[in-house]
Amino acid sequence: DIQSEESRDIPLVLSLPSVETASTCNLLKVNVEYFDTLTNSVACYDVLLDVPRVVELSKEQMRRDVDIDAHINRVQTCAVLKEAKLLGEQNKCEEGRAMIDAQIKKIKESVSAELPLCGRLVQDLEGAKEAMKTYAQFTSEGSHRISNWSASHSRQRAAPQSYDTEMFSGFTYCNAARFDMQSMYWVLKIGRASCRERV
């Protein structure tokens with residue numbers, strides 16, 4: 001379910017044997033079949049991934065790709081949040097917090113640390129760690145917040161904790177339509193609160 005302006009990234013781990021001569025390898029073929037709501041019809045899209053094979057990699061080829069690294073951080077963060085939530089449910093909040101701390105350290109030391117996505121991952125991990133300070137805090141609201149963050153990052157779909165977080169944190173999965181809808185909701189909410197205060 002991809003809406004206008006949204007995207008999905010699916011990191012793959014592929015292993016190739018070494019080669020003795022340079023060549024081009026047809027590594028991957030992806031076929032996507034989808035229902036296009038604009039044309040009201042089923043459409044297909046194919047893409048081929050050709051990889052140049054070399055006998056020895058250059059320094060540039062050995063450099064870790066920043067964007068791919070960021071999405072590896074995203075996938076790993078989702079796994080950490082799920083595992084931390086399970087630990088919280090077993091009243092092992094300290095173990096969960098230690099696991100979250102290790103992931104925060106890993107992201108901050110990664111080549112993609114400066115990207116907005118990684119900044120948001122760290123922010124949400126810090127929030128999850130705060131939500132696991134005590135078992136009581138975890139069961140009252142922390143568990144739900146951690147599930148929200150995990151689902152949002154795994155699906156790359158906006159699941160805002162608040163208007164401020166989604167709009168001004170530097171990174172979001174929201175498209176323009178969702179921004180407009182959220183801003184209207186929060187303007188109405190603030191307006192109602194102001195009316196109540198005046199009354």
# chains A, B, ... in the order shown; residues from 1 in each chain; ligands from 1
$ residues_around --residues "range 102-112 of chain A" --least-positions-apart "6" --cutoff "10 Å" --atoms "only C-alpha atoms" --output "ChimeraX atom specification"
/A:63-74,76-77,80-81,118-119,121-126
$ closest_residue --among "A:Pro11, A:Pro17, A:Pro52, A:Gly88" --to "Ser140 in chain A" --atoms "only C-alpha atoms"
A:Gly88
$ closest_residue --among "A:Val47, A:Ala177, A:Ile10, A:Leu16" --to "Ser154 in chain A" --atoms "only C-alpha atoms"
A:Ile10
$ select_by_dssp --residues "range 42-128 of chain A" --states "strand (DSSP E or B)" --output "PyMOL selection string"
chain A and resi 42-53
$ closest_residue --among "A:Ser147, A:Ser41, A:Gln156, A:Thr24" --to "Glu83 in chain A" --atoms "only C-alpha atoms"
A:Ser147
$ atom_distance --atom1 "CA of Met62 in chain A" --atom2 "CA of Ile100 in chain A"
29.0 Å
$ closest_residue --among "A:Met132, A:Val75, A:Ala113, A:Met181" --to "Arg97 in chain A" --atoms "only C-alpha atoms"
A:Met132
$ closest_residue --among "A:Ala128, A:Ala151, A:Ala158, A:Cys44" --to "Ala84 in chain A" --atoms "only C-alpha atoms"
A:Ala128
$ closest_residue --among "A:Thr139, A:Glu6, A:Ala159, A:His153" --to "Leu86 in chain A" --atoms "only C-alpha atoms"
A:Thr139
$ select_by_dssp --residues "range 24-197 of chain A" --states "helix (DSSP H, G or I)" --output "MDAnalysis selection string"
chainID A and resid 59:62 66:89 93:108 116:130 135:155 163:168 176:197
$ atom_distance --atom1 "CA of Thr21 in chain A" --atom2 "CA of Val51 in chain A"
13.7 Å
$ atom_distance --atom1 "CA of Phe35 in chain A" --atom2 "CA of Val13 in chain A"
28.0 Å
$ decode --residues "range 71-82 of chain A" --atoms "all heavy atoms" --output "short mmCIF file (atom, residue, chain, number, x, y, z; two decimals), in the first residue's frame"
data_model
loop_
_atom_site.label_atom_id
_atom_site.label_comp_id
_atom_site.auth_asym_id
_atom_site.auth_seq_id
_atom_site.Cartn_x
_atom_site.Cartn_y
_atom_site.Cartn_z
N HIS A 71 19.48 2.41 5.69
CA HIS A 71 18.34 1.49 5.71
C HIS A 71 18.67 0.19 6.46
O HIS A 71 17.78 -0.43 7.03
CB HIS A 71 17.83 1.23 4.30
CG HIS A 71 17.07 2.40 3.76
ND1 HIS A 71 15.84 2.76 4.25
CD2 HIS A 71 17.39 3.31 2.82
CE1 HIS A 71 15.42 3.84 3.62
NE2 HIS A 71 16.34 4.20 2.76
N ILE A 72 19.95 -0.17 6.48
CA ILE A 72 20.36 -1.29 7.34
C ILE A 72 20.13 -0.89 8.80
O ILE A 72 19.59 -1.67 9.60
CB ILE A 72 21.84 -1.67 7.09
CG1 ILE A 72 21.98 -2.31 5.70
CG2 ILE A 72 22.34 -2.63 8.18
CD1 ILE A 72 23.42 -2.52 5.27
N ASN A 73 20.50 0.34 9.14
CA ASN A 73 20.24 0.86 10.49
C ASN A 73 18.74 0.83 10.81
O ASN A 73 18.33 0.50 11.92
CB ASN A 73 20.77 2.28 10.64
CG ASN A 73 22.27 2.34 10.79
OD1 ASN A 73 22.91 1.37 11.18
ND2 ASN A 73 22.85 3.48 10.46
N ARG A 74 17.92 1.20 9.81
CA ARG A 74 16.47 1.22 10.01
C ARG A 74 15.93 -0.18 10.29
O ARG A 74 15.17 -0.39 11.25
CB ARG A 74 15.79 1.81 8.76
CG ARG A 74 14.27 1.83 8.81
CD ARG A 74 13.68 2.43 7.56
NE ARG A 74 14.00 1.69 6.36
CZ ARG A 74 13.37 0.59 5.96
NH1 ARG A 74 12.37 0.09 6.69
NH2 ARG A 74 13.72 -0.03 4.86
N VAL A 75 16.33 -1.15 9.48
CA VAL A 75 15.85 -2.53 9.65
C VAL A 75 16.31 -3.09 11.00
O VAL A 75 15.55 -3.74 11.72
CB VAL A 75 16.33 -3.42 8.48
CG1 VAL A 75 16.02 -4.87 8.74
CG2 VAL A 75 15.66 -2.97 7.17
N GLN A 76 17.58 -2.84 11.34
CA GLN A 76 18.10 -3.33 12.62
C GLN A 76 17.40 -2.67 13.79
O GLN A 76 17.14 -3.31 14.82
CB GLN A 76 19.61 -3.09 12.69
CG GLN A 76 20.40 -3.97 11.74
CD GLN A 76 21.88 -3.62 11.72
OE1 GLN A 76 22.29 -2.54 12.14
NE2 GLN A 76 22.70 -4.54 11.22
N THR A 77 17.08 -1.38 13.66
CA THR A 77 16.38 -0.67 14.73
C THR A 77 15.01 -1.28 14.97
O THR A 77 14.58 -1.44 16.11
CB THR A 77 16.24 0.82 14.38
OG1 THR A 77 17.55 1.42 14.38
CG2 THR A 77 15.36 1.57 15.37
N CYS A 78 14.30 -1.64 13.90
CA CYS A 78 12.99 -2.29 14.04
C CYS A 78 13.11 -3.60 14.82
O CYS A 78 12.30 -3.89 15.70
CB CYS A 78 12.37 -2.55 12.67
SG CYS A 78 11.97 -1.06 11.76
N ALA A 79 14.14 -4.37 14.49
CA ALA A 79 14.37 -5.64 15.19
C ALA A 79 14.69 -5.40 16.67
O ALA A 79 14.19 -6.12 17.55
CB ALA A 79 15.50 -6.42 14.52
N VAL A 80 15.50 -4.38 16.95
CA VAL A 80 15.86 -4.06 18.33
C VAL A 80 14.64 -3.61 19.12
O VAL A 80 14.43 -4.02 20.27
CB VAL A 80 16.96 -2.97 18.37
CG1 VAL A 80 17.11 -2.37 19.76
CG2 VAL A 80 18.29 -3.55 17.91
N LEU A 81 13.80 -2.78 18.51
CA LEU A 81 12.60 -2.31 19.20
C LEU A 81 11.65 -3.46 19.52
O LEU A 81 11.06 -3.53 20.60
CB LEU A 81 11.88 -1.26 18.35
CG LEU A 81 12.56 0.11 18.25
CD1 LEU A 81 11.88 0.98 17.21
CD2 LEU A 81 12.59 0.81 19.60
N LYS A 82 11.50 -4.39 18.60
CA LYS A 82 10.64 -5.56 18.83
C LYS A 82 11.18 -6.42 19.97
O LYS A 82 10.44 -6.88 20.83
CB LYS A 82 10.51 -6.39 17.55
CG LYS A 82 9.64 -5.75 16.49
CD LYS A 82 9.57 -6.61 15.24
CE LYS A 82 8.74 -5.94 14.16
NZ LYS A 82 8.72 -6.74 12.91
#
